[in-house]
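Q: So I've got this file, entry29.txt, and it contains compact mmCIF, C-alpha atoms:
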```txt
# COMPACT_ATOMS: atom_id res chain seq x y z
CA MET A 1 4.25 -71.45 9.45
CA LYS A 2 6.14 -70.06 6.48
CA ASN A 3 4.82 -67.42 4.05
CA GLY A 4 1.39 -67.72 5.62
CA VAL A 5 1.27 -71.52 4.99
CA VAL A 6 0.89 -74.08 7.77
CA GLU A 7 2.27 -77.63 7.22
CA CYS A 8 1.02 -80.56 9.25
CA SER A 9 3.84 -82.45 10.97
CA VAL A 10 2.07 -85.80 10.53
CA CYS A 11 0.55 -85.88 7.04
CA HIS A 12 2.59 -82.93 5.64
CA SER A 13 -0.52 -81.35 4.14
CA ARG A 14 -0.39 -77.58 3.68
CA LEU A 15 -2.99 -74.87 3.88
CA VAL A 16 -3.08 -71.11 4.25
CA SER A 17 -3.27 -69.94 7.83
CA PRO A 18 -6.71 -68.50 8.60
CA THR A 19 -5.10 -65.55 10.41
CA THR A 20 -3.74 -64.25 7.10
CA ARG A 21 -7.24 -63.66 5.77
CA PRO A 22 -8.95 -60.46 6.94
CA ILE A 23 -11.80 -61.17 9.31
CA SER A 24 -13.76 -58.29 7.82
CA ARG A 25 -14.50 -60.38 4.72
CA ALA A 26 -17.22 -62.42 6.35
CA TYR A 27 -19.21 -62.19 3.15
CA ASP A 28 -16.58 -64.07 1.09
CA ARG A 29 -18.40 -67.37 1.57
CA HIS A 30 -21.42 -65.92 -0.21
CA LYS A 31 -19.53 -64.47 -3.20
CA SER A 32 -19.54 -67.72 -5.13
CA ASN A 33 -23.33 -67.87 -4.95
CA VAL A 34 -24.01 -64.28 -6.01
CA SER A 35 -26.49 -64.24 -8.86
CA SER A 36 -26.83 -61.67 -11.61
CA LYS A 37 -29.86 -60.25 -9.79
CA GLN A 38 -27.78 -59.78 -6.64
CA ARG A 39 -25.05 -58.00 -8.62
CA ALA A 40 -27.67 -55.73 -10.15
CA LEU A 41 -29.01 -55.04 -6.68
CA ASN A 42 -25.51 -54.10 -5.49
CA VAL A 43 -25.18 -51.65 -8.37
CA LEU A 44 -28.54 -50.12 -7.46
CA LEU A 45 -27.39 -49.80 -3.84
CA VAL A 46 -24.26 -47.94 -4.92
CA VAL A 47 -26.21 -45.64 -7.23
CA GLY A 48 -28.83 -45.00 -4.56
CA ASP A 49 -26.13 -44.27 -1.98
CA CYS A 50 -24.47 -41.76 -4.32
CA ILE A 51 -27.75 -39.91 -4.85
CA LEU A 52 -28.73 -39.86 -1.18
CA VAL A 53 -25.30 -38.83 0.07
CA GLY A 54 -25.07 -36.16 -2.61
CA LEU A 55 -28.46 -34.73 -1.68
CA GLN A 56 -27.78 -34.56 2.05
CA PRO A 57 -25.58 -31.42 2.11
CA ILE A 58 -27.99 -29.73 -0.31
CA LEU A 59 -31.00 -30.41 1.92
CA VAL A 60 -29.12 -29.30 5.03
CA TYR A 61 -28.17 -26.06 3.27
CA MET A 62 -31.77 -25.52 2.16
CA SER A 63 -32.91 -26.01 5.77
CA LYS A 64 -30.96 -22.95 6.93
CA VAL A 65 -32.72 -19.60 7.31
CA ASP A 66 -30.44 -16.54 7.28
CA GLY A 67 -27.47 -18.84 7.84
CA LYS A 68 -29.01 -20.51 10.90
CA PHE A 69 -31.29 -23.43 11.75
CA ASN A 70 -34.75 -22.62 13.14
CA PHE A 71 -35.07 -26.19 14.39
CA SER A 72 -33.03 -28.34 16.71
CA PRO A 73 -30.63 -30.60 14.76
CA ILE A 74 -31.02 -33.20 17.50
CA SER A 75 -34.76 -33.37 16.76
CA VAL A 76 -34.01 -34.14 13.11
CA ASN A 77 -31.64 -36.92 14.16
CA PHE A 78 -34.23 -38.34 16.58
CA LEU A 79 -36.98 -38.34 13.94
CA THR A 80 -34.55 -39.96 11.50
CA GLU A 81 -33.78 -42.78 13.95
CA ALA A 82 -37.49 -43.21 14.68
CA ALA A 83 -38.20 -43.55 10.95
CA LYS A 84 -35.48 -46.18 10.63
CA VAL A 85 -36.85 -48.10 13.62
CA LEU A 86 -40.27 -48.13 12.00
CA PHE A 87 -38.76 -49.44 8.75
CA ALA A 88 -36.86 -52.19 10.62
CA VAL A 89 -40.03 -53.30 12.41
CA LEU A 90 -42.00 -53.45 9.16
CA MET A 91 -39.27 -55.46 7.43
CA LEU A 92 -39.05 -57.84 10.40
CA LEU A 93 -42.80 -58.47 10.18
CA PHE A 94 -42.50 -59.07 6.45
CA GLN A 95 -39.52 -61.40 6.91
CA ALA A 96 -41.27 -63.32 9.70
CA ARG A 97 -44.28 -63.99 7.48
CA ARG A 98 -42.02 -65.52 4.83
CA GLN A 99 -40.23 -67.88 7.23
CA LYS A 100 -40.36 -71.58 6.46
CA VAL A 101 -41.61 -74.26 8.81
CA GLY A 102 -38.93 -75.34 11.26
CA GLU A 103 -36.93 -72.11 11.15
CA LYS A 104 -36.23 -70.22 14.35
CA PRO A 105 -38.98 -67.61 14.78
CA LEU A 106 -37.77 -64.02 14.46
CA LEU A 107 -40.49 -62.48 16.60
CA SER A 108 -40.21 -64.72 19.65
CA ILE A 109 -39.15 -63.17 22.96
CA SER A 110 -36.29 -65.65 23.42
CA THR A 111 -34.88 -64.84 19.97
CA PHE A 112 -35.14 -61.10 20.63
CA ILE A 113 -33.41 -61.32 24.02
CA GLN A 114 -30.67 -63.58 22.71
CA ALA A 115 -30.04 -61.31 19.71
CA ALA A 116 -30.08 -58.21 21.93
CA ARG A 117 -27.36 -59.68 24.15
CA ALA A 118 -25.27 -60.80 21.19
CA ASN A 119 -25.54 -57.40 19.45
CA ILE A 120 -24.96 -55.15 22.47
CA LEU A 121 -21.83 -53.84 20.71
CA LEU A 122 -24.11 -51.92 18.32
CA ALA A 123 -24.64 -49.37 21.10
CA VAL A 124 -21.11 -48.07 20.46
CA PRO A 125 -21.61 -47.03 16.79
CA ALA A 126 -25.11 -45.81 17.66
CA PHE A 127 -23.66 -43.32 20.16
CA LEU A 128 -20.93 -42.25 17.74
CA TYR A 129 -23.49 -41.77 14.96
CA ALA A 130 -25.60 -39.61 17.27
CA VAL A 131 -22.59 -37.33 17.81
CA ASN A 132 -21.68 -37.36 14.12
CA ASN A 133 -25.18 -36.47 12.95
CA TYR A 134 -25.08 -33.35 15.10
CA LEU A 135 -21.64 -32.47 13.73
CA LYS A 136 -23.00 -32.56 10.18
CA PHE A 137 -25.22 -29.58 10.94
CA THR A 138 -22.41 -27.74 12.72
CA MET A 139 -20.07 -28.19 9.76
CA GLN A 140 -22.66 -26.67 7.44
CA LEU A 141 -22.43 -23.39 9.36
CA TYR A 142 -18.78 -22.92 8.36
CA PHE A 143 -18.41 -24.68 5.00
CA ASN A 144 -20.41 -24.83 1.77
CA PRO A 145 -22.00 -28.20 0.83
CA ALA A 146 -19.35 -29.23 -1.72
CA THR A 147 -16.54 -28.58 0.77
CA VAL A 148 -18.32 -30.56 3.49
CA LYS A 149 -18.61 -33.49 1.10
CA MET A 150 -14.92 -33.33 0.21
CA LEU A 151 -13.95 -33.10 3.89
CA SER A 152 -15.98 -36.20 4.66
CA ASN A 153 -13.82 -38.13 2.21
CA LEU A 154 -10.93 -37.78 4.64
CA LYS A 155 -12.70 -40.50 6.61
CA VAL A 156 -11.44 -43.08 4.12
CA LEU A 157 -7.84 -42.72 5.27
CA VAL A 158 -8.79 -42.88 8.96
CA ILE A 159 -11.09 -45.84 8.29
CA ALA A 160 -8.29 -47.73 6.54
CA VAL A 161 -6.05 -47.35 9.59
CA LEU A 162 -8.85 -48.43 11.94
CA LEU A 163 -9.68 -51.43 9.75
CA LYS A 164 -6.05 -52.52 9.84
CA VAL A 165 -5.82 -52.15 13.62
CA ILE A 166 -9.26 -53.38 14.71
CA MET A 167 -10.29 -55.81 11.98
CA ARG A 168 -6.81 -56.83 10.74
CA ARG A 169 -7.52 -55.88 7.16
CA ARG A 170 -4.57 -56.02 4.80
CA PHE A 171 -3.97 -53.37 2.15
CA SER A 172 -1.41 -53.51 -0.63
CA ILE A 173 1.12 -50.76 -1.26
CA ILE A 174 -0.88 -49.65 -4.29
CA GLN A 175 -3.99 -49.28 -2.14
CA TRP A 176 -2.13 -47.18 0.42
CA GLU A 177 -0.88 -45.02 -2.44
CA ALA A 178 -4.46 -44.67 -3.65
CA LEU A 179 -5.52 -43.48 -0.21
CA ALA A 180 -2.63 -40.99 -0.23
CA LEU A 181 -3.88 -39.70 -3.60
CA LEU A 182 -7.31 -39.30 -2.06
CA LEU A 183 -5.85 -37.17 0.71
CA ILE A 184 -3.99 -35.04 -1.85
CA GLY A 185 -7.15 -34.53 -3.87
CA ILE A 186 -9.06 -33.36 -0.82
CA SER A 187 -6.23 -31.02 0.18
CA ILE A 188 -6.20 -29.43 -3.26
CA ASN A 189 -9.90 -28.75 -3.01
CA GLN A 190 -9.44 -27.19 0.43
CA LEU A 191 -6.98 -24.53 -0.73
CA ARG A 192 -8.48 -21.10 -0.02
CA SER A 193 -11.89 -22.63 0.69
CA LEU A 194 -12.31 -20.93 4.08
CA PRO A 195 -14.13 -17.60 4.09
CA GLU A 196 -11.96 -14.69 5.18
CA GLY A 197 -12.72 -12.48 8.15
CA THR A 198 -15.07 -14.91 9.92
CA THR A 199 -14.78 -16.76 13.20
CA ALA A 200 -15.93 -20.10 14.55
CA MET A 201 -16.65 -20.75 18.24
CA GLY A 202 -14.71 -17.59 19.21
CA LEU A 203 -11.50 -18.93 17.65
CA PRO A 204 -9.82 -17.86 14.43
CA VAL A 205 -11.63 -19.53 11.56
CA GLU A 206 -8.67 -21.72 10.63
CA ALA A 207 -8.32 -23.15 14.15
CA GLY A 208 -12.06 -23.63 14.66
CA ALA A 209 -12.51 -25.20 11.24
CA TYR A 210 -9.63 -27.61 11.67
CA ILE A 211 -10.80 -28.70 15.13
CA LEU A 212 -14.28 -29.37 13.74
CA THR A 213 -12.75 -31.20 10.79
CA LEU A 214 -10.68 -33.44 13.09
CA ILE A 215 -13.75 -34.39 15.13
CA PHE A 216 -15.93 -34.65 12.02
CA VAL A 217 -13.49 -37.13 10.45
CA THR A 218 -12.55 -39.24 13.50
CA VAL A 219 -15.97 -39.85 15.09
CA PRO A 220 -17.84 -41.21 12.03
CA SER A 221 -14.79 -43.25 11.00
CA MET A 222 -14.81 -45.03 14.34
CA ALA A 223 -18.60 -45.43 14.08
CA SER A 224 -18.35 -47.05 10.64
CA VAL A 225 -15.62 -49.51 11.62
CA PHE A 226 -17.34 -50.51 14.88
CA ASN A 227 -20.62 -50.85 12.98
CA GLU A 228 -19.08 -53.16 10.40
CA TYR A 229 -17.38 -55.20 13.10
CA ALA A 230 -20.60 -55.49 15.15
CA LEU A 231 -22.77 -56.45 12.16
CA LYS A 232 -20.35 -59.05 10.80
CA SER A 233 -19.50 -60.56 14.16
CA GLN A 234 -23.15 -61.71 14.28
CA TYR A 235 -23.41 -62.53 10.59
CA ASP A 236 -26.21 -65.07 10.93
CA THR A 237 -28.50 -62.61 12.71
CA SER A 238 -31.15 -60.93 10.54
CA ILE A 239 -29.93 -57.55 9.35
CA TYR A 240 -33.35 -56.05 10.10
CA LEU A 241 -33.13 -57.28 13.68
CA GLN A 242 -29.65 -55.81 13.98
CA ASN A 243 -30.90 -52.55 12.48
CA LEU A 244 -33.70 -52.48 15.04
CA PHE A 245 -31.13 -52.56 17.85
CA LEU A 246 -28.82 -50.05 16.14
CA TYR A 247 -31.57 -47.55 15.38
CA GLY A 248 -33.20 -48.13 18.75
CA TYR A 249 -29.96 -47.23 20.54
CA GLY A 250 -29.60 -44.22 18.25
CA ALA A 251 -33.11 -43.01 19.06
CA ILE A 252 -32.40 -43.35 22.79
CA PHE A 253 -29.16 -41.36 22.59
CA ASN A 254 -30.77 -38.61 20.51
CA PHE A 255 -33.74 -38.45 22.89
CA LEU A 256 -31.31 -37.99 25.78
CA GLY A 257 -29.77 -35.15 23.78
CA ILE A 258 -33.21 -33.54 23.41
CA VAL A 259 -33.78 -33.84 27.16
CA GLY A 260 -30.38 -32.28 27.86
CA SER A 261 -31.12 -29.45 25.44
CA ALA A 262 -34.49 -28.83 27.15
CA ILE A 263 -32.76 -28.63 30.52
CA ILE A 264 -30.21 -26.10 29.25
CA LYS A 265 -32.37 -23.99 26.91
CA GLY A 266 -35.76 -24.43 28.57
CA PRO A 267 -38.90 -26.53 28.01
CA SER A 268 -39.66 -24.82 24.67
CA SER A 269 -36.78 -26.68 23.01
CA PHE A 270 -38.44 -30.00 23.91
CA ASP A 271 -40.86 -29.53 21.00
CA ILE A 272 -39.24 -31.77 18.41
CA LEU A 273 -41.47 -30.46 15.59
CA GLN A 274 -40.66 -26.79 16.13
CA GLY A 275 -39.14 -24.95 13.17
CA HIS A 276 -39.42 -27.79 10.68
CA SER A 277 -40.21 -27.19 7.01
CA LYS A 278 -40.61 -29.23 3.84
CA ALA A 279 -36.84 -29.21 3.41
CA THR A 280 -36.30 -30.74 6.84
CA ILE A 281 -38.93 -33.42 6.19
CA LEU A 282 -37.07 -34.34 2.99
CA LEU A 283 -33.84 -34.29 4.96
CA ILE A 284 -35.26 -36.74 7.52
CA CYS A 285 -36.40 -39.13 4.78
CA ASN A 286 -33.03 -38.82 3.02
CA ASN A 287 -31.04 -39.51 6.18
CA ALA A 288 -33.22 -42.52 7.05
CA ALA A 289 -32.82 -44.06 3.59
CA GLN A 290 -29.09 -43.39 3.64
CA GLY A 291 -28.69 -45.08 7.04
CA ILE A 292 -30.62 -48.14 5.88
CA LEU A 293 -28.45 -48.49 2.76
CA SER A 294 -25.31 -48.08 4.86
CA SER A 295 -26.18 -51.11 6.98
CA PHE A 296 -26.23 -53.30 3.87
CA PHE A 297 -22.81 -51.98 2.84
CA PHE A 298 -21.31 -52.65 6.25
CA LYS A 299 -22.68 -56.19 6.55
CA TYR A 300 -22.38 -57.51 3.00
CA ALA A 301 -19.54 -55.35 1.63
CA ASP A 302 -17.10 -53.19 3.60
CA THR A 303 -16.60 -49.68 4.89
CA ILE A 304 -14.02 -48.70 2.27
CA LEU A 305 -16.44 -49.48 -0.56
CA LYS A 306 -19.14 -47.47 1.22
CA LYS A 307 -16.91 -44.42 1.58
CA TYR A 308 -15.66 -44.59 -2.00
CA SER A 309 -19.28 -44.88 -3.10
CA SER A 310 -20.03 -41.75 -1.12
CA THR A 311 -17.08 -40.05 -2.81
CA VAL A 312 -18.80 -40.37 -6.16
CA ALA A 313 -21.55 -38.16 -4.75
CA THR A 314 -19.06 -35.30 -4.44
CA ILE A 315 -19.32 -34.30 -8.06
CA PHE A 316 -23.12 -34.40 -7.85
CA THR A 317 -23.05 -32.22 -4.73
CA GLY A 318 -20.70 -29.73 -6.35
CA PHE A 319 -22.72 -29.23 -9.51
CA ALA A 320 -26.04 -29.15 -7.62
CA SER A 321 -24.63 -26.62 -5.16
CA ALA A 322 -23.47 -24.42 -8.05
CA ALA A 323 -26.81 -24.69 -9.86
CA LEU A 324 -29.07 -24.08 -6.83
CA PHE A 325 -27.07 -21.70 -4.67
CA GLY A 326 -24.59 -20.11 -7.05
CA HIS A 327 -21.50 -21.56 -5.40
CA THR A 328 -18.48 -21.32 -7.66
CA LEU A 329 -16.80 -24.50 -8.88
CA THR A 330 -13.15 -23.55 -8.64
CA ILE A 331 -10.29 -25.14 -10.51
CA ASN A 332 -9.15 -26.58 -7.19
CA PHE A 333 -12.46 -28.41 -6.83
CA MET A 334 -12.26 -29.85 -10.35
CA LEU A 335 -8.65 -30.97 -9.87
CA GLY A 336 -9.52 -32.46 -6.49
CA ILE A 337 -12.43 -34.42 -7.98
CA THR A 338 -10.18 -35.75 -10.76
CA ILE A 339 -7.57 -36.98 -8.30
CA VAL A 340 -10.25 -38.55 -6.10
CA PHE A 341 -11.60 -40.59 -9.02
CA ILE A 342 -8.08 -41.66 -10.03
CA SER A 343 -7.56 -42.78 -6.43
CA MET A 344 -10.78 -44.77 -6.46
CA HIS A 345 -9.86 -46.51 -9.73
CA GLN A 346 -6.39 -47.33 -8.42
CA PHE A 347 -7.69 -48.69 -5.10
CA PHE A 348 -10.09 -51.17 -6.75
CA SER A 349 -7.80 -52.01 -9.67
CA PRO A 350 -6.80 -55.69 -10.03
CA LEU A 351 -3.18 -54.58 -9.67
CA SER A 352 -3.93 -53.44 -6.12
CA LYS A 353 -4.77 -57.01 -5.07
CA VAL A 354 -1.27 -58.41 -5.51
CA LYS A 355 -1.23 -60.02 -2.07
CA ASP A 356 -4.40 -61.95 -2.70
CA GLU A 357 -3.07 -63.13 -6.03
CA GLN A 358 0.13 -64.24 -4.33
CA GLN A 359 -1.89 -66.20 -1.82
CA ASN A 360 -3.84 -67.85 -4.63
CA GLY A 361 -0.62 -68.59 -6.47
CA LEU A 362 0.85 -70.04 -3.31
CA LEU A 363 -2.16 -72.29 -2.91
CA GLU A 364 -1.77 -73.45 -6.50
CA LEU A 365 1.91 -74.20 -5.90
CA VAL A 366 0.96 -76.18 -2.81
CA ASP A 367 -1.60 -78.14 -4.81
CA VAL A 368 0.93 -78.83 -7.59
CA ASP A 369 3.53 -79.84 -5.02
CA ASP A 370 1.09 -82.20 -3.34
CA GLU A 371 0.10 -83.67 -6.69
CA ARG A 372 3.74 -84.12 -7.67
CA ARG A 373 4.45 -85.70 -4.29
CA SER A 374 1.55 -88.12 -4.74
CA ARG A 375 2.68 -88.98 -8.26
CA ASP A 376 6.27 -89.51 -7.15
CA SER A 377 5.04 -91.65 -4.26
CA PHE A 378 3.00 -93.76 -6.66
CA ILE A 379 5.98 -94.16 -9.00
CA ASN A 380 8.21 -95.13 -6.09
CA MET A 381 5.64 -97.64 -4.92
CA ALA A 382 5.39 -99.10 -8.42
CA ALA A 383 9.15 -99.22 -8.77
CA GLY A 384 9.44 -100.88 -5.39
CA ALA A 385 6.83 -103.44 -6.35
CA ASN A 386 8.70 -104.24 -9.60
CA ASP A 387 11.98 -104.62 -7.76
CA GLU A 388 10.38 -106.96 -5.26
CA ALA A 389 8.80 -109.02 -8.01
CA SER A 390 12.09 -109.23 -9.90
CA HIS A 391 13.89 -110.23 -6.76
CA HIS A 392 11.29 -112.91 -6.10
CA VAL A 393 11.66 -114.33 -9.63
CA ASN A 394 15.43 -114.31 -9.48
CA THR A 395 15.30 -116.11 -6.15
CA GLU A 396 13.10 -118.83 -7.57
CA ASP A 397 15.43 -119.21 -10.57
CA ARG A 398 18.40 -119.68 -8.27
CA GLN A 399 16.74 -122.40 -6.18
CA PRO A 400 18.20 -125.95 -6.86
CA LEU A 401 15.98 -128.50 -8.50
CA LEU A 402 15.02 -131.33 -6.18
CA PRO A 403 15.19 -134.86 -7.53
CA ARG A 404 11.93 -136.55 -8.13
```
Would it be possible to restate this file's structure as structure tokens?

A:
Amino acid sequence: MKNGVVECSVCHSRLVSPTTRPISRAYDRHKSNVSSKQRALNVLLVVGDCILVGLQPILVYMSKVDGKFNFSPISVNFLTEAAKVLFAVLMLLFQARRQKVGEKPLLSISTFIQAARANILLAVPAFLYAVNNYLKFTMQLYFNPATVKMLSNLKVLVIAVLLKVIMRRRFSIIQWEALALLLIGISINQLRSLPEGTTAMGLPVEAGAYILTLIFVTVPSMASVFNEYALKSQYDTSIYLQNLFLYGYGAIFNFLGIVGSAIIKGPSSFDILQGHSKATILLICNNAAQGILSSFFFKYADTILKKYSSTVATIFTGFASAALFGHTLTINFMLGITIVFISMHQFFSPLSKVKDEQQNGLLELVDVDDERRSRDSFINMAAGANDEASHHVNTEDRQPLLPR
């Protein structure tokens, strides 16, 4: 193999090695058949994701009373997973009714057991999401909503590293530079964003905040990458069936958290509806819708696009936080947002896909070379045939005439 091209030793045909293409692009085979309606749907998914992600920190902040939560965050996460399970079941029933004759039934026991075994890996991101959803509430106790949103954008850099290691994704130098710009933009926004004279978990605020930030960035990044890998490794399985397993595992893990909390704090904490308000009900619906949209991103797009889509929600969160709660939009925040958007434009710019273009160019060169080789072979064959014919004629001319 040379330059990612494999040449057959027998027929000398060439093709790009399949190992040079990232396995995370399982949806590439469907790109050629994407209709205008599907593209419009993708745009709606991105817009919906921006709105839902932008609203989440606002609703969490509105759920606090005197700086604290009167409800158990684990109960919100459990109710969110239960709502998503209900949605997955309803969509499975709807999809099963629209199946054609001869197709494998979705609701059969054998199909369910086979899919459950094949998608057991979804338990890993489900557990990580359960931990991450609790961390979201903890982060809100020490940061304002706009800062939490900016901190979450650090996940993009961690996700890129995990995608390269786990899913063998390739990124160009320009894309790595775009991710570095994203990190710079977030760092600018973080300057002097910590409140002075406060503590977190008994540690100085800087140490406590940075420890929470490290966990808050690493855990959901691993969850997203494992989720994308698990969903795409079983690409032919119905996404609603996969969501049923994912949300089912999530509900189990959160229920175990509720049981553990009841053992530590007493039976009164087992009441999952205690302390909830209209804001928390909206938060549950928002989180459920956001999780459902995320599954479509992970299966039919990729994690980087999902996180950049969530980044767009930062500006919405900042302005909404300033309008509703009086949080000040500092110059650092505005500069950070500007750099983040420049990073996003650079990452998805056509110039950032130089490697793919080189692969396409290499394929074209291979095709031209094969065509030239075929043409030269035909010319040589024709020339050889002419020489043989000429030799045959000359031989006949040189033969002596026999007397009659």

Q: So, counting only C-alpha atoms, which residue among A:Leu282, A:Val259, A:Leu241, A:Gly266 is closest to Leu122 in chain A?

A: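 Selected residue with least distance to Leu122 in chain A: A:Leu241.
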
Q: Which polymer residues have any atom within 10 Å of an atom of Ser321 in chain A, counting all atoms listed in the file, with same-chain residues fewer than 2 positions away left out, as a ChimeraX atom specification?

A: /A:54-55,57-58,61,144-146,315-319,323-329

Q: Can you tell me how far CA of Asn286 in chain A sits from CA of Gln56 in chain A, in Å to one decimal?

A: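 Atom-to-atom, CA of Asn286 in chain A to CA of Gln56 in chain A, that is 6.8 Å.
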
Q: Neighbouring residues of Asn287 in chain A were defined as those with any atom within 9 Å, considering all atoms listed in the file; residues of the same chain fewer than 3 positions away were excluded. Please report them as a PDB file with C-alpha atoms, in the coordinates of the input.

A:
```pdb
ATOM      1  CA  LEU A  52     -28.730 -39.860  -1.180  1.00  0.00           C
ATOM      2  CA  VAL A  53     -25.300 -38.830   0.070  1.00  0.00           C
ATOM      3  CA  GLN A  56     -27.780 -34.560   2.050  1.00  0.00           C
ATOM      4  CA  ASN A  77     -31.640 -36.920  14.160  1.00  0.00           C
ATOM      5  CA  THR A  80     -34.550 -39.960  11.500  1.00  0.00           C
ATOM      6  CA  GLU A  81     -33.780 -42.780  13.950  1.00  0.00           C
ATOM      7  CA  LEU A 282     -37.070 -34.340   2.990  1.00  0.00           C
ATOM      8  CA  LEU A 283     -33.840 -34.290   4.960  1.00  0.00           C
ATOM      9  CA  ILE A 284     -35.260 -36.740   7.520  1.00  0.00           C
ATOM     10  CA  GLN A 290     -29.090 -43.390   3.640  1.00  0.00           C
ATOM     11  CA  GLY A 291     -28.690 -45.080   7.040  1.00  0.00           C
ATOM     12  CA  ILE A 292     -30.620 -48.140   5.880  1.00  0.00           C
TER      13      ILE A 292
END
```

Q: CA of Ser295 in chain A and CA of Ile166 in chain A, how far apart in Å?

A: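 Rounded to one decimal, the two atoms are 18.7 Å apart.
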